[in-house]
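Here is the file input-v5.cif (mmCIF, C-alpha atoms and all ligand atoms).
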data_data
loop_
_atom_site.label_atom_id
_atom_site.label_comp_id
_atom_site.auth_asym_id
_atom_site.auth_seq_id
_atom_site.Cartn_x
_atom_site.Cartn_y
_atom_site.Cartn_z
CA MET A 465 29.33 -1.79 -1.70
CA LYS A 466 28.10 -3.36 -4.92
CA LEU A 467 25.15 -2.04 -6.90
CA LEU A 468 22.65 -4.92 -7.01
CA TYR A 469 19.72 -3.13 -8.61
CA GLU A 470 18.86 0.26 -10.00
CA GLY A 471 15.16 0.99 -9.81
CA LYS A 472 13.14 3.98 -10.93
CA ALA A 473 13.48 5.85 -7.63
CA LYS A 474 16.23 4.09 -5.67
CA GLU A 475 19.48 2.16 -5.96
CA VAL A 476 20.07 -0.97 -3.92
CA PHE A 477 23.57 -1.97 -2.77
CA SER A 478 24.91 -5.04 -1.00
CA THR A 479 26.95 -4.69 2.22
CA ASP A 480 29.48 -6.91 4.04
CA ASP A 481 26.54 -8.29 6.01
CA PRO A 482 24.50 -10.67 3.79
CA ASP A 483 21.44 -9.82 5.87
CA LYS A 484 21.58 -6.06 5.17
CA LEU A 485 21.33 -3.75 2.18
CA ILE A 486 21.91 -0.08 1.54
CA ILE A 487 19.16 1.80 -0.26
CA LYS A 488 19.97 5.12 -1.88
CA TYR A 489 17.15 7.46 -2.91
CA LYS A 490 17.54 9.06 -6.35
CA ASN A 491 16.27 12.44 -7.50
CA SER A 492 14.22 10.89 -10.30
CA LEU A 493 10.46 10.96 -10.56
CA THR A 494 8.57 8.62 -12.87
CA ALA A 495 4.93 8.03 -13.70
CA GLY A 496 3.00 5.72 -15.98
CA ASN A 497 5.44 2.84 -15.42
CA GLY A 498 8.42 4.99 -16.41
CA ALA A 499 6.77 6.58 -19.48
CA LYS A 500 7.13 10.03 -17.93
CA LYS A 501 10.41 10.95 -16.22
CA ALA A 502 12.06 13.93 -14.57
CA ASP A 503 14.91 14.70 -12.23
CA MET A 504 14.41 17.09 -9.33
CA GLU A 505 17.34 18.14 -7.18
CA GLY A 506 16.63 17.36 -3.52
CA LYS A 507 13.73 14.99 -4.16
CA GLY A 508 15.71 11.92 -3.02
CA ALA A 509 16.63 13.52 0.28
CA LEU A 510 13.04 14.65 0.88
CA ASN A 511 11.59 11.18 0.32
CA CYS A 512 14.33 9.53 2.36
CA ARG A 513 13.68 11.81 5.34
CA ILE A 514 9.87 11.55 5.08
CA SER A 515 9.97 7.76 4.77
CA ASN A 516 12.41 7.40 7.69
CA ILE A 517 10.16 9.48 9.96
CA ILE A 518 7.14 7.36 8.97
CA PHE A 519 8.95 4.03 9.39
CA GLY A 520 10.22 5.16 12.82
CA TYR A 521 6.67 6.03 13.85
CA LEU A 522 5.28 2.70 12.59
CA GLU A 523 8.09 0.71 14.22
CA SER A 524 7.47 2.46 17.56
CA ASN A 525 3.84 1.40 17.24
CA GLY A 526 4.69 -2.26 16.80
CA VAL A 527 4.83 -2.59 13.00
CA PRO A 528 7.88 -4.65 11.97
CA THR A 529 9.90 -2.80 9.30
CA HIS A 530 13.15 -3.17 7.36
CA PHE A 531 14.61 0.12 8.63
CA VAL A 532 17.95 -0.20 10.44
CA ARG A 533 19.61 3.23 10.35
CA GLU A 534 20.10 6.42 8.41
CA ILE A 535 23.51 6.61 6.69
CA ASP A 536 23.27 10.07 5.19
CA GLU A 537 20.54 12.28 3.81
CA THR A 538 19.75 10.00 0.87
CA ALA A 539 20.91 6.56 2.08
CA ILE A 540 19.67 4.08 4.66
CA GLU A 541 20.68 0.65 5.88
CA VAL A 542 17.86 -1.91 5.80
CA LYS A 543 17.22 -5.56 6.52
CA LYS A 544 17.44 -7.49 3.25
CA VAL A 545 14.05 -9.07 2.58
CA GLU A 546 12.67 -11.25 -0.17
CA ILE A 547 10.12 -8.84 -1.60
CA VAL A 548 6.64 -10.31 -2.08
CA PRO A 549 6.03 -9.10 -5.65
CA LEU A 550 2.86 -7.19 -4.83
CA GLU A 551 2.00 -3.53 -4.62
CA VAL A 552 -0.31 -3.53 -1.65
CA ILE A 553 -2.70 -0.60 -1.91
CA VAL A 554 -5.20 0.77 0.60
CA ARG A 555 -7.82 3.30 -0.42
CA ASN A 556 -9.74 5.41 2.08
CA VAL A 557 -11.18 7.81 -0.50
CA ALA A 558 -11.78 7.24 -4.23
CA ALA A 559 -9.00 8.55 -6.50
CA GLY A 560 -6.70 7.64 -9.38
CA SER A 561 -7.19 4.27 -11.07
CA PHE A 562 -10.05 3.33 -8.69
CA SER A 563 -12.07 6.38 -9.77
CA LYS A 564 -11.41 5.63 -13.44
CA ARG A 565 -12.12 1.89 -13.23
CA TYR A 566 -15.37 2.17 -11.29
CA GLY A 567 -16.57 5.57 -12.54
CA VAL A 568 -16.51 7.20 -9.11
CA GLU A 569 -15.66 10.87 -8.75
CA GLU A 570 -12.27 11.56 -7.12
CA GLY A 571 -12.72 12.52 -3.50
CA SER A 572 -15.86 10.41 -3.01
CA ALA A 573 -16.05 8.74 0.40
CA LEU A 574 -15.81 4.94 0.48
CA LYS A 575 -18.00 2.95 2.85
CA CYS A 576 -14.97 0.98 4.04
CA PRO A 577 -11.23 0.97 3.27
CA VAL A 578 -10.35 -1.02 0.14
CA LEU A 579 -7.39 -3.40 0.12
CA GLU A 580 -6.11 -3.97 -3.40
CA TYR A 581 -3.11 -5.78 -4.89
CA SER A 582 -1.16 -5.19 -8.09
CA TYR A 583 1.29 -7.78 -9.38
CA LYS A 584 4.67 -6.00 -9.21
CA CYS A 585 5.85 -6.65 -12.75
CA ASP A 586 6.87 -3.69 -14.94
CA GLU A 587 6.71 -5.75 -18.17
CA LEU A 588 3.02 -6.48 -17.53
CA GLY A 589 2.26 -2.96 -16.29
CA ASP A 590 1.58 -4.02 -12.67
CA PRO A 591 -1.85 -5.64 -13.31
CA LEU A 592 -4.55 -5.74 -10.66
CA ILE A 593 -4.56 -9.17 -8.98
CA ASN A 594 -6.63 -10.90 -6.28
CA ASP A 595 -5.93 -13.40 -3.49
CA TYR A 596 -6.74 -16.40 -5.69
CA HIS A 597 -4.49 -15.21 -8.54
CA ILE A 598 -1.71 -14.61 -6.02
CA MET A 599 -1.99 -18.08 -4.50
CA ALA A 600 -2.43 -19.77 -7.90
CA LEU A 601 0.73 -18.10 -9.21
CA GLY A 602 2.61 -19.01 -6.02
CA LEU A 603 3.42 -15.37 -5.21
CA ALA A 604 2.32 -15.76 -1.57
CA THR A 605 0.49 -18.30 0.60
CA ARG A 606 -2.90 -17.84 2.31
CA GLU A 607 -1.10 -17.42 5.66
CA GLU A 608 1.20 -14.77 4.20
CA LEU A 609 -1.73 -12.91 2.65
CA ASP A 610 -3.52 -12.90 6.01
CA GLU A 611 -0.38 -11.50 7.64
CA ILE A 612 0.02 -8.92 4.86
CA ALA A 613 -3.60 -7.80 5.23
CA ALA A 614 -3.31 -7.51 9.03
CA ILE A 615 -0.10 -5.45 8.84
CA THR A 616 -1.49 -3.29 6.01
CA PHE A 617 -4.75 -2.38 7.81
CA ARG A 618 -2.74 -1.61 10.96
CA VAL A 619 -0.45 0.64 8.88
CA ASN A 620 -3.56 2.35 7.46
CA GLU A 621 -5.00 3.11 10.90
CA LEU A 622 -1.65 4.39 12.19
CA LEU A 623 -0.95 6.50 9.09
CA LYS A 624 -4.45 8.00 9.00
CA ALA A 625 -4.03 9.17 12.60
CA PHE A 626 -0.46 10.37 11.95
CA PHE A 627 -1.44 12.55 8.98
CA ASP A 628 -4.74 13.67 10.48
CA LYS A 629 -2.84 15.17 13.41
CA VAL A 630 -0.87 17.42 11.04
CA GLY A 631 -3.85 18.46 8.91
CA VAL A 632 -3.47 16.00 6.04
CA ARG A 633 -5.96 13.46 4.64
CA LEU A 634 -4.57 10.05 3.72
CA ILE A 635 -6.50 9.26 0.52
CA ASP A 636 -4.63 6.09 -0.47
CA PHE A 637 -1.16 4.54 -0.39
CA LYS A 638 0.98 1.69 -1.65
CA ILE A 639 3.33 -0.43 0.43
CA GLU A 640 5.63 -3.36 -0.24
CA LEU A 641 6.31 -6.17 2.19
CA GLY A 642 8.93 -8.89 2.31
CA ARG A 643 9.97 -12.12 3.96
CA TYR A 644 12.64 -11.83 6.63
CA HIS A 645 13.64 -14.87 8.67
CA GLY A 646 10.21 -16.46 8.27
CA LYS A 647 8.26 -13.29 9.04
CA ILE A 648 6.55 -10.67 6.90
CA ILE A 649 7.88 -7.15 7.46
CA LEU A 650 7.27 -3.75 5.88
CA ALA A 651 9.92 -2.78 3.29
CA ASP A 652 10.56 -0.21 0.53
CA GLU A 653 9.32 3.35 1.29
CA ILE A 654 6.32 5.39 2.34
CA SER A 655 6.48 8.90 0.90
CA PRO A 656 4.52 11.36 -1.26
CA ASP A 657 5.63 9.18 -4.21
CA SER A 658 3.59 6.29 -2.85
CA CYS A 659 0.68 8.00 -1.06
CA ARG A 660 -2.06 10.43 -2.00
CA LEU A 661 -2.03 13.19 0.60
CA TRP A 662 -4.51 16.07 0.51
CA GLU A 663 -4.35 19.06 2.80
CA LYS A 664 -7.36 19.15 5.11
CA GLY A 665 -9.73 22.02 4.32
CA THR A 666 -8.23 22.99 0.95
CA ASP A 667 -7.81 19.48 -0.54
CA GLU A 668 -4.54 20.73 -2.04
CA LYS A 669 -2.62 17.74 -3.43
CA LEU A 670 0.69 17.22 -1.63
CA ASP A 671 1.92 14.14 -3.50
CA LYS A 672 3.12 12.70 -6.81
CA ASP A 673 -0.17 13.52 -8.56
CA ARG A 674 1.32 17.03 -8.96
CA PHE A 675 3.93 15.41 -11.22
CA ARG A 676 1.59 12.87 -12.89
CA ARG A 677 -0.85 15.66 -13.76
CA ASP A 678 1.66 18.43 -14.59
CA MET A 679 0.39 20.65 -11.79
CA GLY A 680 3.82 22.05 -10.84
CA GLY A 681 5.05 22.69 -7.31
CA VAL A 682 6.11 19.07 -6.77
CA LEU A 683 9.11 19.70 -4.51
CA GLU A 684 7.25 22.44 -2.63
CA ALA A 685 4.48 19.94 -1.85
CA TYR A 686 6.93 17.30 -0.60
CA GLU A 687 8.69 19.99 1.50
CA LYS A 688 5.33 20.96 2.96
CA ILE A 689 4.70 17.35 4.02
CA LEU A 690 8.17 17.09 5.58
CA LYS A 691 7.69 20.37 7.46
CA LYS A 692 4.37 19.15 8.86
CA ILE A 693 5.68 15.78 10.12
CA ASP A 694 9.22 16.72 11.17
CA CYS A 695 8.82 17.79 14.75
P1 LIG B 1 11.22 0.02 -8.76
O1 LIG B 1 11.81 -1.35 -8.64
O2 LIG B 1 9.69 -0.05 -8.78
O3 LIG B 1 11.77 0.83 -9.86
P2 LIG B 1 12.68 1.49 -6.64
O4 LIG B 1 13.44 2.39 -7.55
O5 LIG B 1 12.05 2.08 -5.45
O6 LIG B 1 11.48 0.73 -7.37
O7 LIG B 1 13.67 0.33 -6.26
C1 LIG B 1 13.83 -0.19 -4.98
C2 LIG B 1 13.76 -1.70 -5.08
O8 LIG B 1 14.19 -2.25 -3.84
C3 LIG B 1 12.33 -2.18 -5.29
O9 LIG B 1 12.34 -3.21 -6.27
C4 LIG B 1 11.92 -2.74 -3.92
O10 LIG B 1 11.00 -3.80 -4.05
C5 LIG B 1 13.25 -3.20 -3.37
N1 LIG B 1 13.35 -3.20 -1.90
C6 LIG B 1 12.88 -2.27 -1.04
N2 LIG B 1 13.19 -2.57 0.24
C7 LIG B 1 13.88 -3.73 0.19
C8 LIG B 1 14.48 -4.58 1.20
N3 LIG B 1 14.43 -4.27 2.49
N4 LIG B 1 15.08 -5.73 0.77
C9 LIG B 1 15.13 -6.05 -0.55
N5 LIG B 1 14.61 -5.29 -1.53
C10 LIG B 1 14.00 -4.14 -1.18
N1 LIG B 2 1.09 3.69 -6.23
C1 LIG B 2 2.46 3.59 -6.15
N2 LIG B 2 3.14 2.91 -7.12
C2 LIG B 2 2.51 2.32 -8.16
C3 LIG B 2 1.09 2.44 -8.26
C4 LIG B 2 0.42 3.13 -7.27
O1 LIG B 2 3.06 4.08 -5.20
O2 LIG B 2 3.18 1.71 -9.02
C5 LIG B 2 0.34 4.43 -5.20
C6 LIG B 2 -0.17 5.76 -5.72
O3 LIG B 2 0.76 6.79 -5.44
C7 LIG B 2 -1.44 5.94 -4.93
C8 LIG B 2 -1.95 4.51 -4.70
O4 LIG B 2 -0.82 3.68 -4.86
O5 LIG B 2 -1.17 6.54 -3.68
C9 LIG B 2 -3.06 4.11 -5.62
O6 LIG B 2 -2.64 4.35 -6.93
P1 LIG B 2 -3.59 4.23 -8.22
O7 LIG B 2 -3.78 2.78 -8.56
O8 LIG B 2 -4.79 5.07 -8.08
O9 LIG B 2 -2.56 4.85 -9.24
P2 LIG B 2 -2.64 5.61 -10.59
O10 LIG B 2 -3.04 4.58 -11.60
O11 LIG B 2 -3.60 6.75 -10.46
O12 LIG B 2 -1.19 6.05 -10.73
#
In structure tokens, how does this file's structure come out?
Ligand code: ADP
Ligand code: UDP
Amino acid sequence: MKLLYEGKAKEVFSTDDPDKLIIKYKNSLTAGNGAKKADMEGKGALNCRISNIIFGYLESNGVPTHFVREIDETAIEVKKVEIVPLEVIVRNVAAGSFSKRYGVEEGSALKCPVLEYSYKCDELGDPLINDYHIMALGLATREELDEIAAITFRVNELLKAFFDKVGVRLIDFKIELGRYHGKIILADEISPDSCRLWEKGTDEKLDKDRFRRDMGGVLEAYEKILKKIDC
């Protein structure tokens, strides 16, 4: 195993199979493009388990994903994709940067889900980008964007139902997709690091906003999510 890349939340290793990678979840938490950092024992294992459960659910509902198998509690084997350098975001309820940018109170209902892209580029601070920018920069083709949008809205419907069943509101989330043998598949992770999850009834935040906003109880919130979905 050779370390190919160390990211903010995961390490990526090569394997003997050129088509596969090993991804290892770290205990680090970052916010504001790495400006704020912390290490929390057990966080890697929590996100790994939560993401694996979600990817298994999506795969069993026909969404193509990179997930191959669990290696141990923080490592998984995945299909090696060529990541489309976009953070693909869906918003069901106003929050975070959307609320700030458009002056809408957090928690306000949206008349329809919003699909939004950020250019995945740390040096530029992941700027907001649209279909035309993406095509003009050659980051993805029209056909790929159509495929990405179709998969992403399907993921949104499936995830909303999945979390609703366990008493959690899916406010928004970010996914990454990649090219694998000519097809677009879901890659990276889906966890409380990459979603906003509010408990139904109380609107208690069960996601990385607890870290971003110094609310405390980060691991407890992630554990609560795992407990709700691990059955
Ligand atoms: P970041 O790069 O934002 O710091 P991570 O620490 O999560 O993020 O690093 C994981 C890296 O692995 C990300 O750059 C992500 O795009 C990439 N990645 C995730 N899944 C795959 C995959 N199946 N094939 C190739 N790269 C992947
Ligand atoms: N998100 C993410 N990684 C990013 C940016 C956003 O996982 O680099 C997720 C974030 O957790 C939230 C959604 O995408 O669930 C929308 O994030 P927003 O743009 O509101 O982020 P903020 O600027 O508030 O961090």
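What separates CA of Leu623 in chain A from CA of Glu551 in chain A is a distance of 17.2 Å.
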Using only C-alpha atoms and all ligand atoms, find the one residue out of A:Leu574, A:Ala604, A:Leu588, A:Ile639 that sits nearest to ligand LIG 1 (chain B).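 So, comparing all the options, the nearest one is A:Ile639.
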Spatial neighbours of Val578 in chain A, max dist 8 Å, all atoms listed in the file, sep filter under 2 positions, as a PyMOL selection string: chain A and resi 553-556+576+580
Could you tell me, counting only C-alpha atoms and all ligand atoms, which protein and nucleic acid residues lie no more than 6 Å from ligand LIG 2 (chain B), written as a PyMOL selection string? chain A and resi 553+559-562+636-638+657-660
Interatomic distance between CA of Lys484 in chain A and CA of Val542 in chain A?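 Computing it gives 5.6 Å between the two atoms.
Selection of all polymer residues within 7 Å of ligand LIG 1 (chain B) on the basis of only C-alpha atoms and all ligand atoms gives A:Glu470, A:Gly471, A:Lys472, A:Ala473, A:Lys474, A:Glu475, A:Val476, A:Leu485, A:His530, A:Val542, A:Lys543, A:Lys544, A:Val545, A:Glu546, A:Ile547, A:Glu640, A:Ala651, A:Asp652.
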Kindly indicate which residue among A:Glu653, A:Phe627, A:Tyr566, A:Glu505 lies nearest to Asp694 in chain A, using all atoms listed in the file for the distances.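 When distances to Asp694 in chain A are compared using all atoms listed in the file, the smallest one comes from A:Phe627.
Every protein, DNA or RNA residue with an atom at most 12 Å from Ala499 in chain A, where only C-alpha atoms count and chain neighbours fewer than 5 positions away do not, is listed here: Lys472, Leu493, Thr494, Asp586, Gly589 and Arg676 of chain A.
Note that the spacing between CA of Ala613 in chain A and CA of Arg674 in chain A amounts to 29.0 Å.
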Hey, what's within 12 Å of Thr666 in chain A if we count all atoms listed in the file and toss same-chain stuff fewer than 6 positions away? As JSON, numbers by chain, please? {"A": [631, 632, 633]}
Between A:Glu687, A:Arg643, A:Ile598, A:Phe675, which one has atoms that come closest to Lys500 in chain A, using all atoms listed in the file?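 Closest to Lys500 in chain A of all the choices is A:Phe675.
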So, counting all atoms listed in the file, which residue among A:Leu468, A:Leu510, A:Ile635, A:Ile654 is closest to Glu684 in chain A?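 Comparing A:Leu468, A:Leu510, A:Ile635, A:Ile654 against Glu684 in chain A, the winner is A:Leu510.
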Of the residues A:Leu601, A:Leu634, A:Ile514, A:Ile689, which is the one nearest to Val619 in chain A, using only C-alpha atoms?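 Selected residue with least distance to Val619 in chain A: A:Leu634.
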